[in-house]
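Student: So I've got this file, structure_10.txt, and it contains compact mmCIF, C-alpha atoms and all ligand atoms:
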# COMPACT_ATOMS: atom_id res chain seq x y z
CA MET C 211 -19.89 -43.06 13.67
CA LEU C 212 -20.40 -43.10 9.91
CA LYS C 213 -18.64 -45.95 8.18
CA VAL C 214 -16.77 -44.91 5.06
CA ASP C 215 -14.75 -47.37 3.02
CA THR C 216 -10.98 -47.10 3.04
CA ILE C 217 -9.35 -45.86 -0.11
CA GLU C 218 -6.84 -47.67 -2.25
CA MET C 219 -4.70 -44.81 -3.50
CA GLY C 220 -5.38 -41.18 -2.66
CA THR C 221 -5.54 -38.71 0.19
CA VAL C 222 -7.37 -38.33 3.48
CA VAL C 223 -7.49 -34.79 4.81
CA ASP C 224 -8.26 -35.02 8.52
CA HIS C 225 -8.84 -32.54 11.35
CA ILE C 226 -10.41 -29.99 9.05
CA LYS C 227 -12.06 -27.07 10.82
CA PRO C 228 -15.74 -28.06 11.11
CA GLY C 229 -17.72 -26.80 8.13
CA LYS C 230 -14.67 -26.23 5.93
CA GLY C 231 -14.58 -29.72 4.33
CA TYR C 232 -16.46 -28.59 1.21
CA LYS C 233 -13.98 -25.74 0.85
CA VAL C 234 -11.10 -28.26 0.93
CA LEU C 235 -12.74 -30.13 -1.94
CA GLU C 236 -13.05 -26.85 -3.80
CA ILE C 237 -9.35 -26.10 -3.26
CA LEU C 238 -8.45 -29.55 -4.57
CA ASN C 239 -10.63 -28.90 -7.58
CA ILE C 240 -12.89 -31.86 -6.87
CA VAL C 241 -15.87 -30.99 -9.04
CA GLU C 242 -18.93 -32.77 -10.44
CA ASP C 243 -17.10 -34.73 -13.10
CA TYR C 244 -14.33 -36.02 -10.81
CA PRO C 245 -14.29 -39.70 -11.78
CA HIS C 246 -13.33 -41.37 -8.47
CA ARG C 247 -14.86 -41.97 -5.07
CA VAL C 248 -14.93 -38.97 -2.76
CA ALA C 249 -16.29 -38.80 0.80
CA LEU C 250 -17.00 -35.64 2.73
CA MET C 251 -17.82 -36.05 6.42
CA MET C 252 -18.90 -32.99 8.31
CA HIS C 253 -19.05 -32.36 12.05
CA VAL C 254 -17.56 -35.68 13.02
CA PRO C 255 -16.77 -35.95 16.76
CA SER C 256 -13.05 -35.45 17.27
CA LYS C 257 -10.95 -37.38 19.81
CA GLN C 258 -9.44 -34.04 20.89
CA GLY C 259 -12.96 -32.79 21.69
CA GLY C 260 -15.34 -30.79 19.52
CA THR C 261 -15.96 -31.73 15.93
CA LYS C 262 -14.05 -31.82 12.67
CA ASP C 263 -14.55 -32.42 8.97
CA ILE C 264 -12.79 -35.19 7.03
CA VAL C 265 -12.46 -35.71 3.29
CA LYS C 266 -11.33 -38.88 1.59
CA ILE C 267 -10.38 -38.72 -2.05
CA GLU C 268 -9.58 -41.70 -4.18
CA GLY C 269 -7.04 -41.14 -6.97
CA LYS C 270 -5.59 -37.80 -5.90
CA ILE C 271 -2.31 -37.16 -4.08
CA VAL C 272 -2.36 -33.82 -2.28
CA ASP C 273 1.00 -32.09 -2.64
CA LYS C 274 2.71 -29.40 -0.56
CA SER C 275 1.38 -26.48 -2.60
CA ALA C 276 -2.23 -27.65 -2.23
CA ALA C 277 -1.60 -28.31 1.47
CA ASP C 278 -0.43 -24.69 1.82
CA ILE C 279 -3.78 -23.47 0.55
CA ILE C 280 -5.66 -25.83 2.88
CA ALA C 281 -3.62 -24.36 5.74
CA LEU C 282 -5.05 -20.93 4.95
CA ILE C 283 -8.61 -21.98 5.75
CA SER C 284 -7.94 -24.78 8.23
CA PRO C 285 -4.51 -24.52 9.88
CA GLY C 286 -4.81 -27.67 12.02
CA SER C 287 -5.49 -30.14 9.20
CA THR C 288 -3.43 -33.24 8.55
CA ILE C 289 -2.76 -34.83 5.18
CA ASN C 290 -2.57 -38.63 4.94
CA ILE C 291 -1.28 -39.96 1.66
CA ILE C 292 -2.68 -43.44 1.07
CA LYS C 293 -0.98 -46.00 -1.12
CA GLY C 294 -2.10 -49.63 -1.24
CA GLU C 295 -4.73 -48.89 1.43
CA LYS C 296 -1.95 -47.87 3.84
CA VAL C 297 -0.78 -44.49 5.09
CA ALA C 298 2.40 -43.89 3.06
CA ASP C 299 3.00 -40.34 4.30
CA LYS C 300 1.41 -38.11 6.91
CA PHE C 301 1.98 -34.42 7.57
CA LYS C 302 0.37 -31.40 9.14
CA VAL C 303 -0.48 -28.46 6.93
CA GLU C 304 1.47 -25.31 7.72
CA LEU C 305 0.90 -21.65 6.91
CA PRO C 306 3.53 -20.90 4.25
CA ASP C 307 5.88 -17.91 4.65
CA GLU C 308 5.22 -17.01 1.07
CA LEU C 309 2.40 -17.83 -1.26
CA GLU C 310 3.09 -17.60 -4.96
CA ASN C 311 0.83 -18.20 -7.91
CA ALA C 312 -1.94 -19.14 -5.50
CA GLY C 313 -4.69 -17.41 -3.59
CA LYS C 314 -6.60 -14.37 -4.78
CA CYS C 315 -6.25 -10.83 -3.48
CA PRO C 316 -9.58 -9.82 -1.89
CA ASN C 317 -8.98 -6.12 -2.62
CA PRO C 318 -11.20 -5.31 -5.64
CA ASN C 319 -8.96 -2.35 -6.51
CA CYS C 320 -5.81 -4.50 -6.59
CA ILE C 321 -4.22 -4.64 -10.06
CA THR C 322 -4.13 -8.46 -9.84
CA ASN C 323 -7.92 -8.47 -10.16
CA SER C 324 -7.92 -6.64 -13.49
CA GLU C 325 -4.62 -7.55 -15.17
CA LYS C 326 -2.74 -10.81 -15.60
CA ALA C 327 -0.33 -11.16 -12.68
CA THR C 328 1.27 -13.89 -10.61
CA ASN C 329 -0.40 -13.56 -7.22
CA LYS C 330 2.08 -13.26 -4.40
CA PHE C 331 1.59 -12.90 -0.66
CA LYS C 332 4.04 -12.67 2.20
CA LYS C 333 3.29 -13.79 5.74
CA GLU C 334 3.51 -11.11 8.43
CA SER C 335 2.77 -12.58 11.88
CA GLU C 336 -0.54 -14.42 11.28
CA SER C 337 -1.60 -12.32 8.29
CA TYR C 338 -0.59 -12.00 4.65
CA ARG C 339 0.47 -8.92 2.71
CA CYS C 340 -0.27 -8.72 -1.00
CA TYR C 341 2.96 -8.10 -2.93
CA TYR C 342 1.13 -5.68 -5.23
CA CYS C 343 -1.45 -3.60 -3.35
CA GLU C 344 0.49 -4.03 -0.05
CA ARG C 345 -2.67 -4.59 1.96
CA ILE C 346 -2.82 -7.05 4.83
CA PHE C 347 -5.37 -9.88 4.90
CA LYS C 348 -6.33 -12.74 7.17
CA ALA C 349 -5.17 -16.09 5.77
CA GLU C 350 -8.69 -17.37 5.07
CA GLU C 351 -9.52 -14.26 3.00
CA LEU C 352 -7.10 -15.33 0.28
CA VAL C 353 -9.04 -18.46 -0.65
CA MET V 78 16.68 0.71 -9.32
CA ASN V 79 12.95 1.33 -8.80
CA LEU V 80 11.04 3.53 -6.40
CA ILE V 81 7.68 1.89 -5.84
CA SER V 82 6.91 1.98 -2.15
CA ILE V 83 8.23 3.66 0.94
CA ARG V 84 8.38 0.12 2.39
CA ASP V 85 11.16 -0.75 -0.06
CA ILE V 86 13.67 1.86 1.00
CA ASP V 87 15.54 2.16 4.27
CA SER V 88 16.35 5.29 6.23
CA LYS V 89 19.86 5.43 4.79
CA ASP V 90 18.58 5.60 1.22
CA ILE V 91 15.95 8.16 2.17
CA GLU V 92 18.56 10.34 3.90
CA GLY V 93 20.73 10.04 0.81
CA ILE V 94 17.89 11.26 -1.41
CA LEU V 95 16.95 14.10 0.98
CA ASP V 96 20.57 15.26 1.30
CA HIS V 97 21.01 15.17 -2.44
CA ALA V 98 17.78 17.14 -2.95
CA GLU V 99 19.05 19.70 -0.44
CA LYS V 100 22.28 20.16 -2.39
CA ILE V 101 20.37 20.45 -5.68
CA ASP V 102 18.07 23.05 -4.12
CA ASN V 103 21.05 25.04 -2.82
CA GLY V 104 22.82 24.93 -6.16
CA LYS V 105 25.61 22.84 -4.62
CA ALA V 106 24.89 19.86 -6.86
CA THR V 107 23.44 19.28 -10.29
CA VAL V 108 22.07 16.09 -11.77
CA ASP V 109 23.34 15.31 -15.22
CA LEU V 110 21.12 12.82 -17.00
CA ASP V 111 21.73 14.40 -20.38
CA GLY V 112 20.57 12.28 -23.28
CA LYS V 113 18.29 10.09 -21.19
CA ILE V 114 14.54 9.97 -21.71
CA LEU V 115 11.80 9.85 -19.08
CA ALA V 116 8.37 8.57 -20.11
CA THR V 117 5.51 9.80 -17.97
CA MET V 118 2.61 7.34 -18.10
CA PHE V 119 -0.42 8.62 -16.26
CA PHE V 120 -3.36 6.24 -16.49
CA GLU V 121 -5.19 8.55 -14.13
CA PRO V 122 -5.07 12.31 -14.50
CA SER V 123 -2.89 14.28 -12.10
CA THR V 124 -1.60 17.36 -13.83
CA ARG V 125 0.55 18.67 -11.00
CA THR V 126 2.38 15.44 -10.29
CA LYS V 127 3.01 14.92 -13.99
CA LEU V 128 4.29 18.46 -14.52
CA SER V 129 6.52 18.12 -11.48
CA PHE V 130 8.09 14.90 -12.83
CA GLN V 131 8.52 16.46 -16.27
CA SER V 132 10.04 19.65 -14.93
CA ALA V 133 12.43 17.71 -12.68
CA ALA V 134 13.49 15.53 -15.63
CA MET V 135 14.13 18.57 -17.84
CA ARG V 136 16.21 20.17 -15.11
CA CYS V 137 18.35 17.02 -15.14
CA GLY V 138 18.86 17.48 -18.88
CA MET V 139 16.48 14.66 -19.78
CA GLU V 140 14.01 14.58 -22.63
CA VAL V 141 10.43 13.82 -21.74
CA LEU V 142 7.86 11.66 -23.53
CA ASP V 143 4.29 11.66 -22.35
CA PHE V 144 1.97 8.72 -22.68
CA SER V 145 -1.07 9.60 -20.64
CA PRO V 146 -4.17 7.95 -21.98
CA GLY V 147 -6.35 8.53 -18.93
CA THR V 148 -8.44 5.42 -19.13
CA SER V 149 -8.90 5.38 -22.92
CA SER V 150 -6.30 2.71 -23.75
CA LEU V 151 -7.82 0.51 -21.08
CA LYS V 152 -11.10 0.87 -22.96
CA LYS V 153 -9.38 -0.07 -26.21
CA GLY V 154 -8.51 -3.34 -24.56
CA GLU V 155 -4.73 -3.36 -24.78
CA SER V 156 -3.30 -4.95 -21.66
CA PHE V 157 -1.30 -2.81 -19.26
CA ALA V 158 1.66 -5.15 -19.74
CA ASP V 159 1.63 -4.73 -23.55
CA THR V 160 1.48 -0.94 -23.24
CA LEU V 161 4.44 -0.98 -20.85
CA LYS V 162 6.51 -3.27 -23.02
CA THR V 163 5.99 -0.94 -25.98
CA VAL V 164 6.82 2.29 -24.15
CA GLU V 165 9.80 0.67 -22.42
CA GLY V 166 11.57 0.71 -25.77
CA TYR V 167 11.18 4.47 -26.09
CA ALA V 168 12.58 5.59 -22.74
CA ASP V 169 15.25 5.04 -20.08
CA ALA V 170 12.92 5.37 -17.10
CA LEU V 171 9.17 5.46 -16.55
CA ALA V 172 7.13 7.50 -14.09
CA ILE V 173 3.78 5.76 -13.75
CA ARG V 174 0.50 6.70 -12.12
CA HIS V 175 -2.40 4.26 -12.17
CA PRO V 176 -5.78 4.04 -10.41
CA LYS V 177 -5.25 0.37 -9.44
CA GLU V 178 -3.24 -0.50 -6.36
CA GLY V 179 -0.09 -2.45 -7.12
CA ALA V 180 -0.01 -1.41 -10.79
CA VAL V 181 3.49 0.05 -10.58
CA ARG V 182 4.78 -3.04 -8.76
CA LEU V 183 3.31 -5.13 -11.56
CA ALA V 184 4.99 -2.81 -14.09
CA SER V 185 8.35 -3.46 -12.45
CA THR V 186 7.89 -7.20 -12.97
CA VAL V 187 6.96 -6.76 -16.64
CA ILE V 188 9.73 -4.40 -17.78
CA LYS V 189 13.43 -4.02 -17.03
CA LYS V 190 13.78 -0.22 -17.16
CA PRO V 191 13.60 1.64 -13.83
CA VAL V 192 10.15 2.77 -12.72
CA VAL V 193 9.04 5.37 -10.23
CA ASN V 194 5.58 5.24 -8.72
CA GLY V 195 3.60 8.44 -9.26
CA GLY V 196 0.68 7.08 -7.23
CA ASP V 197 -1.12 3.73 -7.40
CA GLY V 198 -4.75 4.00 -6.25
CA GLY V 199 -5.04 4.21 -2.49
CA ASN V 200 -1.70 2.51 -1.95
CA GLN V 201 1.55 4.46 -2.35
CA HIS V 202 2.85 7.78 -3.63
CA PRO V 203 6.47 7.60 -2.50
CA THR V 204 7.75 10.80 -4.11
CA GLN V 205 5.02 12.75 -2.28
CA THR V 206 6.10 11.12 0.97
CA LEU V 207 9.70 12.10 0.28
CA ILE V 208 8.63 15.67 -0.56
CA ASP V 209 6.77 15.82 2.76
CA LEU V 210 9.81 14.59 4.69
CA PHE V 211 12.04 16.96 2.72
CA SER V 212 9.72 19.90 3.45
CA ILE V 213 9.84 19.19 7.18
CA LYS V 214 13.62 18.90 7.10
CA LYS V 215 13.99 22.05 4.99
CA THR V 216 11.74 24.17 7.18
CA LYS V 217 12.70 22.72 10.57
CA GLY V 218 16.22 21.43 10.05
CA ARG V 219 15.38 17.94 11.31
CA ILE V 220 12.56 15.41 11.77
CA LYS V 221 13.59 13.59 14.94
CA ASP V 222 11.71 14.57 18.13
CA LEU V 223 9.57 17.19 16.37
CA ASN V 224 5.88 17.33 17.30
CA ILE V 225 4.09 16.72 14.05
CA THR V 226 0.30 16.94 13.87
CA LEU V 227 -1.52 15.44 10.90
CA LEU V 228 -5.04 16.80 10.58
CA GLY V 229 -7.94 15.87 8.31
CA ASP V 230 -9.41 12.72 6.80
CA LEU V 231 -6.68 10.29 7.84
CA LYS V 232 -8.71 7.24 6.90
CA HIS V 233 -8.71 7.87 3.16
CA ALA V 234 -5.55 9.90 2.67
CA ARG V 235 -2.92 7.58 1.22
CA THR V 236 -0.15 10.15 1.55
CA MET V 237 -0.81 10.50 5.28
CA ARG V 238 -0.36 6.78 5.90
CA SER V 239 2.98 6.78 4.11
CA LEU V 240 4.00 9.96 5.88
CA VAL V 241 3.36 8.34 9.27
CA TYR V 242 5.62 5.52 8.14
CA GLY V 243 8.40 7.99 7.30
CA LEU V 244 7.89 9.95 10.51
CA GLY V 245 8.09 6.72 12.51
CA MET V 246 11.29 5.83 10.69
CA PHE V 247 12.88 9.16 11.64
CA GLY V 248 11.61 9.33 15.22
CA ALA V 249 9.11 12.20 15.22
CA ASN V 250 6.30 12.53 17.78
CA VAL V 251 3.09 12.13 15.82
CA THR V 252 -0.39 13.43 16.70
CA LEU V 253 -3.26 12.30 14.49
CA VAL V 254 -6.31 14.55 14.52
CA SER V 255 -9.33 13.55 12.49
CA PRO V 256 -13.12 13.73 12.70
CA SER V 257 -14.61 10.70 14.41
CA GLY V 258 -14.97 7.87 11.89
CA LEU V 259 -12.14 9.18 9.69
CA GLU V 260 -9.25 7.94 11.86
CA MET V 261 -6.22 6.24 10.40
CA ASP V 262 -6.38 2.45 10.27
CA LYS V 263 -5.05 1.00 13.55
CA LYS V 264 -3.46 -1.94 11.71
CA TYR V 265 -1.29 0.51 9.87
CA LEU V 266 -0.15 2.27 13.05
CA GLU V 267 0.71 -1.12 14.56
CA GLU V 268 2.87 -1.93 11.56
CA VAL V 269 4.83 1.31 11.92
CA ASN V 270 5.13 0.77 15.67
CA ASP V 271 6.38 -2.81 15.18
CA LYS V 272 9.00 -1.64 12.71
CA PHE V 273 10.33 1.56 14.25
CA GLY V 274 8.49 2.22 17.49
CA LEU V 275 5.96 5.02 17.05
CA ASN V 276 5.18 7.77 19.51
CA VAL V 277 1.60 8.56 18.53
CA LYS V 278 -1.39 10.41 20.01
CA ILE V 279 -4.86 10.18 18.52
CA ASP V 280 -7.44 12.92 18.89
CA ASN V 281 -10.81 14.00 17.49
CA LYS V 282 -10.41 17.66 18.51
CA PRO V 283 -8.54 20.06 16.24
CA ASP V 284 -5.87 21.07 18.74
CA TYR V 285 -2.37 21.82 17.48
CA SER V 286 -1.10 24.07 20.26
CA ASP V 287 2.08 22.00 20.85
CA ALA V 288 2.78 21.23 17.18
CA ASP V 289 6.02 22.20 15.42
CA VAL V 290 4.53 21.11 12.12
CA LEU V 291 0.85 21.01 11.19
CA TYR V 292 0.17 18.89 8.12
CA VAL V 293 -3.37 19.46 6.82
CA CYS V 294 -5.22 17.26 4.35
CA ARG V 295 -8.67 17.55 2.90
CA ILE V 296 -11.94 16.32 4.38
CA GLN V 297 -14.36 15.52 1.58
CA ALA V 298 -18.06 16.23 2.03
CA GLU V 299 -18.88 12.94 0.22
CA ARG V 300 -17.60 10.99 3.23
CA PHE V 301 -20.65 12.06 5.23
CA ALA V 302 -24.21 10.87 4.71
CA ASP V 303 -25.63 14.13 6.03
CA PRO V 304 -24.61 17.37 4.23
CA TYR V 305 -25.24 19.43 7.36
CA GLU V 306 -22.91 17.22 9.40
CA ALA V 307 -20.31 17.47 6.63
CA GLN V 308 -20.53 21.23 6.71
CA SER V 309 -20.19 21.52 10.47
CA VAL V 310 -17.30 19.03 10.67
CA MET V 311 -15.43 20.81 7.90
CA GLU V 312 -15.98 24.15 9.60
CA LYS V 313 -14.70 22.74 12.90
CA PHE V 314 -11.53 21.38 11.27
CA ARG V 315 -10.82 24.44 9.12
CA ILE V 316 -7.53 26.14 10.06
CA LYS V 317 -8.33 29.74 10.90
CA LYS V 318 -6.01 32.67 11.26
CA ALA V 319 -7.48 33.52 14.67
CA ASP V 320 -6.61 30.05 16.03
CA LEU V 321 -2.94 30.43 15.17
CA LYS V 322 -2.33 32.78 18.09
CA ASP V 323 -2.55 29.74 20.39
CA ALA V 324 -0.06 27.83 18.24
CA LYS V 325 3.73 27.90 18.44
CA GLU V 326 5.20 31.00 16.84
CA ASP V 327 7.44 29.02 14.53
CA LEU V 328 4.74 26.56 13.50
CA VAL V 329 5.08 25.28 9.95
CA ILE V 330 1.88 24.49 8.02
CA LEU V 331 2.08 21.99 5.17
CA HIS V 332 -0.54 20.71 2.72
CA PRO V 333 -0.15 18.38 -0.29
CA LEU V 334 -2.31 20.71 -2.48
CA PRO V 335 -4.66 21.34 -4.10
CA LYS V 336 -6.44 22.80 -1.10
CA ILE V 337 -10.04 23.91 -1.28
CA ASN V 338 -11.05 25.70 1.90
CA GLU V 339 -9.54 23.62 4.71
CA ILE V 340 -7.09 26.47 5.40
CA GLU V 341 -8.37 30.05 5.54
CA SER V 342 -6.88 31.86 2.55
CA SER V 343 -5.64 34.73 4.75
CA ILE V 344 -3.12 32.23 6.20
CA ASP V 345 -1.44 31.86 2.78
CA GLU V 346 0.42 35.14 3.32
CA MET V 347 1.62 34.26 6.83
CA PRO V 348 5.17 33.04 7.48
CA GLN V 349 3.81 29.78 8.89
CA ALA V 350 2.33 28.77 5.52
CA LYS V 351 4.90 26.66 3.70
CA TYR V 352 2.68 24.66 1.33
CA PHE V 353 3.64 26.49 -1.85
CA GLU V 354 7.33 26.02 -1.02
CA GLN V 355 6.47 22.38 -0.34
CA ALA V 356 5.12 22.04 -3.90
CA HIS V 357 8.30 23.65 -5.27
CA TYR V 358 10.48 21.26 -3.25
CA GLY V 359 9.00 18.57 -5.48
CA ILE V 360 11.41 19.56 -8.24
CA PRO V 361 14.80 19.10 -6.49
CA LEU V 362 13.39 16.06 -4.69
CA ARG V 363 12.23 14.40 -7.92
CA GLN V 364 15.58 15.28 -9.53
CA ALA V 365 17.29 13.41 -6.71
CA VAL V 366 14.86 10.51 -7.23
CA LEU V 367 15.55 10.34 -10.98
CA ASP V 368 19.26 10.26 -10.18
CA TYR V 369 18.62 7.51 -7.60
CA ILE V 370 16.70 5.24 -9.99
CA LEU V 371 19.02 5.81 -12.99
CA ARG V 372 22.36 5.76 -11.19
ZN ZN K 1 -3.55 -7.06 -3.69
Give the structure from this file in structure tokens form.

Tutor:
Amino acid sequence: MLKVDTIEMGTVVDHIKPGKGYKVLEILNIVEDYPHRVALMMHVPSKQGGTKDIVKIEGKIVDKSAADIIALISPGSTINIIKGEKVADKFKVELPDELENAGKCPNPNCITNSEKATNKFKKESESYRCYYCERIFKAEELV
Amino acid sequence: MNLISIRDIDSKDIEGILDHAEKIDNGKATVDLDGKILATMFFEPSTRTKLSFQSAAMRCGMEVLDFSPGTSSLKKGESFADTLKTVEGYADALAIRHPKEGAVRLASTVIKKPVVNGGDGGNQHPTQTLIDLFSIKKTKGRIKDLNITLLGDLKHARTMRSLVYGLGMFGANVTLVSPSGLEMDKKYLEEVNDKFGLNVKIDNKPDYSDADVLYVCRIQAERFADPYEAQSVMEKFRIKKADLKDAKEDLVILHPLPKINEIESSIDEMPQAKYFEQAHYGIPLRQAVLDYILR
């Protein structure tokens, strides 16, 4: 397996749906000029069978609201908060019951795509309903 | 109080509005909103709906202001929110129609005055849904257990989706008849079924022999790639006088209007045709709605 250095202070997002690691970086706004070390590992063999993606980010603590967005595209992911090279906190991402000021309505005719509005979605079984246009979408469509 | 979506109101509130509309229509109740002002804001043209709101408001003793820029103010670049905040100061309630879905919901978050949705893109048109329910109740005395057939392009007709929601809420037996490819979205039917339990049949053949109410909506030629196919489908789904002999004698035919040629014009004079009454029911119903949002 690839050897990637441990991080000092930051976040490891593990058990990402294979192929979605780059999307996690996008969600966390890790772009070209991000000044710290970042590792993206794709299609790593998983102990539970199959493969997974992993991202390691130095200098960024992933909070609950960012974890909610990660849950939309990769519901099984785990967040490991690293402090002093040790896991200080570990939790599984969870699909939120409500999503506010996050996500984007995929309906091009939704008012939120032409006027300033606080995006809002409500979970209904495994899908989300836009508070404005009232249409139902799959979780991953909102990212 | 706002009226934005049929999803926001429960059966008790709907019954309250329908009962009130019934009393207004019978002359047993009047709505006194004297001195209040309704602003109609139609960002998309719809003359009939606007006139109906204005007439209803006047019959409640209200004054009416019209701000209906079509799409011109959008071109000028003023934001929807700014326009609303300005007009809010001139009126006590706003009736808004907008081509974008969710626009009236957004309006309700921007301003404090009550708003009523006069249609937001392909999403909701709750007063039309209430008029449809009211028309069924007026002409049939009830909604529960009636056989109600909706016929036409059920994929694109926003009012039909909301109507199914209302019919599910009040326990009607629903039959959906549409040309193949123009069926109502299954996801939507599941939602209504999950909420209220929905007794629904789906068919591609225009059969309404067991219907108590036949609700017809338009099939647009533009939905078909082939003009010949469009023509033959529209002919097949046209309601013809000759076919009515196989239908129940006390069948009621409704249509949201304007109709083009989906119902043979000779039917207009028959006792089954109730679509012009249906349009007139819009007035007492919208009076009851204005009372509901301003109470
Ligand atoms: Zn939307």

Student: Taking all atoms listed in the file into account, which residues have an atom no farther than 7 Å from ligand ZN 1 (chain K)? I'd like them as a ChimeraX atom specification.

Tutor: /C:315-317,320-322,340-345 /V:179

Student: Quick one: everything within 12 Å of V:Asp159, counting all atoms listed in the file, minus sequence neighbours fewer than 5 positions away in the same chain. Send it as a PyMOL selection string.

Tutor: (chain C and resi 325-326) or (chain V and resi 150-151+154+164-166+184+187-188)

Student: Please provide the set of residues having any atom within 9 Å of stretch 226-241 of chain C, restricted to only C-alpha atoms, with same-chain residues fewer than 6 positions apart removed, written as a list in words.

Tutor: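 Answer for this query is Val248, Leu250, Met251, Met252, His253, Val254, Gly260, Thr261, Lys262, Asp263, Ile264, Val265, Ile267, Lys270, Val272, Ala276, Ile279, Ile280, Ile283, Ser284, Pro285, Gly286, Ser287, Thr288 and Val353 of chain C.
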
Student: For the selection you just gave me, I'd like the residues written to a file as a PDB file, in the coordinates of the input, keeping C-alpha atoms.

Tutor:
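Writing done, so here's part.pdb:
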ATOM      1  CA  VAL C 248     -14.930 -38.970  -2.760  1.00  0.00           C
ATOM      2  CA  LEU C 250     -17.000 -35.640   2.730  1.00  0.00           C
ATOM      3  CA  MET C 251     -17.820 -36.050   6.420  1.00  0.00           C
ATOM      4  CA  MET C 252     -18.900 -32.990   8.310  1.00  0.00           C
ATOM      5  CA  HIS C 253     -19.050 -32.360  12.050  1.00  0.00           C
ATOM      6  CA  VAL C 254     -17.560 -35.680  13.020  1.00  0.00           C
ATOM      7  CA  GLY C 260     -15.340 -30.790  19.520  1.00  0.00           C
ATOM      8  CA  THR C 261     -15.960 -31.730  15.930  1.00  0.00           C
ATOM      9  CA  LYS C 262     -14.050 -31.820  12.670  1.00  0.00           C
ATOM     10  CA  ASP C 263     -14.550 -32.420   8.970  1.00  0.00           C
ATOM     11  CA  ILE C 264     -12.790 -35.190   7.030  1.00  0.00           C
ATOM     12  CA  VAL C 265     -12.460 -35.710   3.290  1.00  0.00           C
ATOM     13  CA  ILE C 267     -10.380 -38.720  -2.050  1.00  0.00           C
ATOM     14  CA  LYS C 270      -5.590 -37.800  -5.900  1.00  0.00           C
ATOM     15  CA  VAL C 272      -2.360 -33.820  -2.280  1.00  0.00           C
ATOM     16  CA  ALA C 276      -2.230 -27.650  -2.230  1.00  0.00           C
ATOM     17  CA  ILE C 279      -3.780 -23.470   0.550  1.00  0.00           C
ATOM     18  CA  ILE C 280      -5.660 -25.830   2.880  1.00  0.00           C
ATOM     19  CA  ILE C 283      -8.610 -21.980   5.750  1.00  0.00           C
ATOM     20  CA  SER C 284      -7.940 -24.780   8.230  1.00  0.00           C
ATOM     21  CA  PRO C 285      -4.510 -24.520   9.880  1.00  0.00           C
ATOM     22  CA  GLY C 286      -4.810 -27.670  12.020  1.00  0.00           C
ATOM     23  CA  SER C 287      -5.490 -30.140   9.200  1.00  0.00           C
ATOM     24  CA  THR C 288      -3.430 -33.240   8.550  1.00  0.00           C
ATOM     25  CA  VAL C 353      -9.040 -18.460  -0.650  1.00  0.00           C
TER      26      VAL C 353
END

Student: Measuring between all atoms listed in the file, which one of C:Ala249, C:Ala349, C:Val297, C:Leu309 shows the shortest distance to C:Glu218?

Tutor: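 Ranking C:Ala249, C:Ala349, C:Val297, C:Leu309 by distance to C:Glu218, first place goes to C:Val297.
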
Student: Between V:Arg315, V:Lys162, V:Lys214, V:Lys263, which residue has the minimum interatomic distance to V:Gly229, considering all atoms listed in the file?

Tutor: V:Arg315

Student: Give me, as a JSON list (two decimals) with C-alpha atoms, keeping the file's coordinate frame, the contact residues of chain V against chain C at a cut-off of 7 Å, counting all atoms listed in the file.

Tutor:
[["chain", "number", "residue", "atom", "x", "y", "z"],
["V", 177, "LYS", "CA", -5.25, 0.37, -9.44],
["V", 178, "GLU", "CA", -3.24, -0.50, -6.36],
["V", 179, "GLY", "CA", -0.09, -2.45, -7.12],
["V", 180, "ALA", "CA", -0.01, -1.41, -10.79],
["V", 182, "ARG", "CA", 4.78, -3.04, -8.76],
["V", 183, "LEU", "CA", 3.31, -5.13, -11.56],
["V", 200, "ASN", "CA", -1.70, 2.51, -1.95]]

Student: I want to know what sits within 12 Å of V:Glu299, based on only C-alpha atoms, with residues of the same chain fewer than 4 positions away left out; could you give that as number ranges by chain?

Tutor: V: 230, 233, 295, 303-308, 311

Student: How far is it from atom CA of V:His175 to atom CA of C:Glu350, in Å with one decimal?

Tutor: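 Separation of atom CA of V:His175 and atom CA of C:Glu350: 28.4 Å.
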
Student: Skipping near chain neighbours, those fewer than 4 positions away, what residues fall within 8 Å of stretch 122-129 of chain V using only C-alpha atoms, listed as a PyMOL selection string?

Tutor: chain V and resi 117+133+145+147+195+359-360+363

Student: Quick one, how far is atom CA of V:Ile337 from atom CA of V:Thr236?

Tutor: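 We find that atom CA of V:Ile337 and atom CA of V:Thr236 lie 17.2 Å from each other.
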
Student: Can you check which parts of stretch 155-232 of chain V lie within 12 Å of stretch 102-108 of chain V? Per residue, the shortest pair of atoms and distance in Å to one decimal, counting only C-alpha atoms, sorted by chain and number, as JSON lines.

Tutor:
{"residue": "V:Phe211", "atom": "CA", "partner": "V:Asp102", "partner_atom": "CA", "distance": 11.0}
{"residue": "V:Ser212", "atom": "CA", "partner": "V:Asp102", "partner_atom": "CA", "distance": 11.7}
{"residue": "V:Lys215", "atom": "CA", "partner": "V:Asp102", "partner_atom": "CA", "distance": 10.0}

Student: Tell me which protein, DNA and RNA residues are within 12 Å of V:Asn276, counting all atoms listed in the file, leaving out same-chain ones fewer than 6 positions away, and put them as a VMD selection string.

Tutor: chain V and resid 221 to 226 241 to 242 244 to 253 266 to 267 269 to 270

Student: Would you mind reading off the distance between atom CA of V:Ala116 and atom CA of V:Asp85, one decimal, in Å?

Tutor: 22.3 Å

Student: Around all the atoms of stretch 248-255 of chain C listed in the file, with 5 Å of room on each side, what axis-aligned box do you get, giving centre and edge lengths in Å to one decimal, as JSON?

Tutor:
{"center_x": -17.0, "center_y": -35.7, "center_z": 7.0, "size_x": 14.1, "size_y": 16.6, "size_z": 29.5}
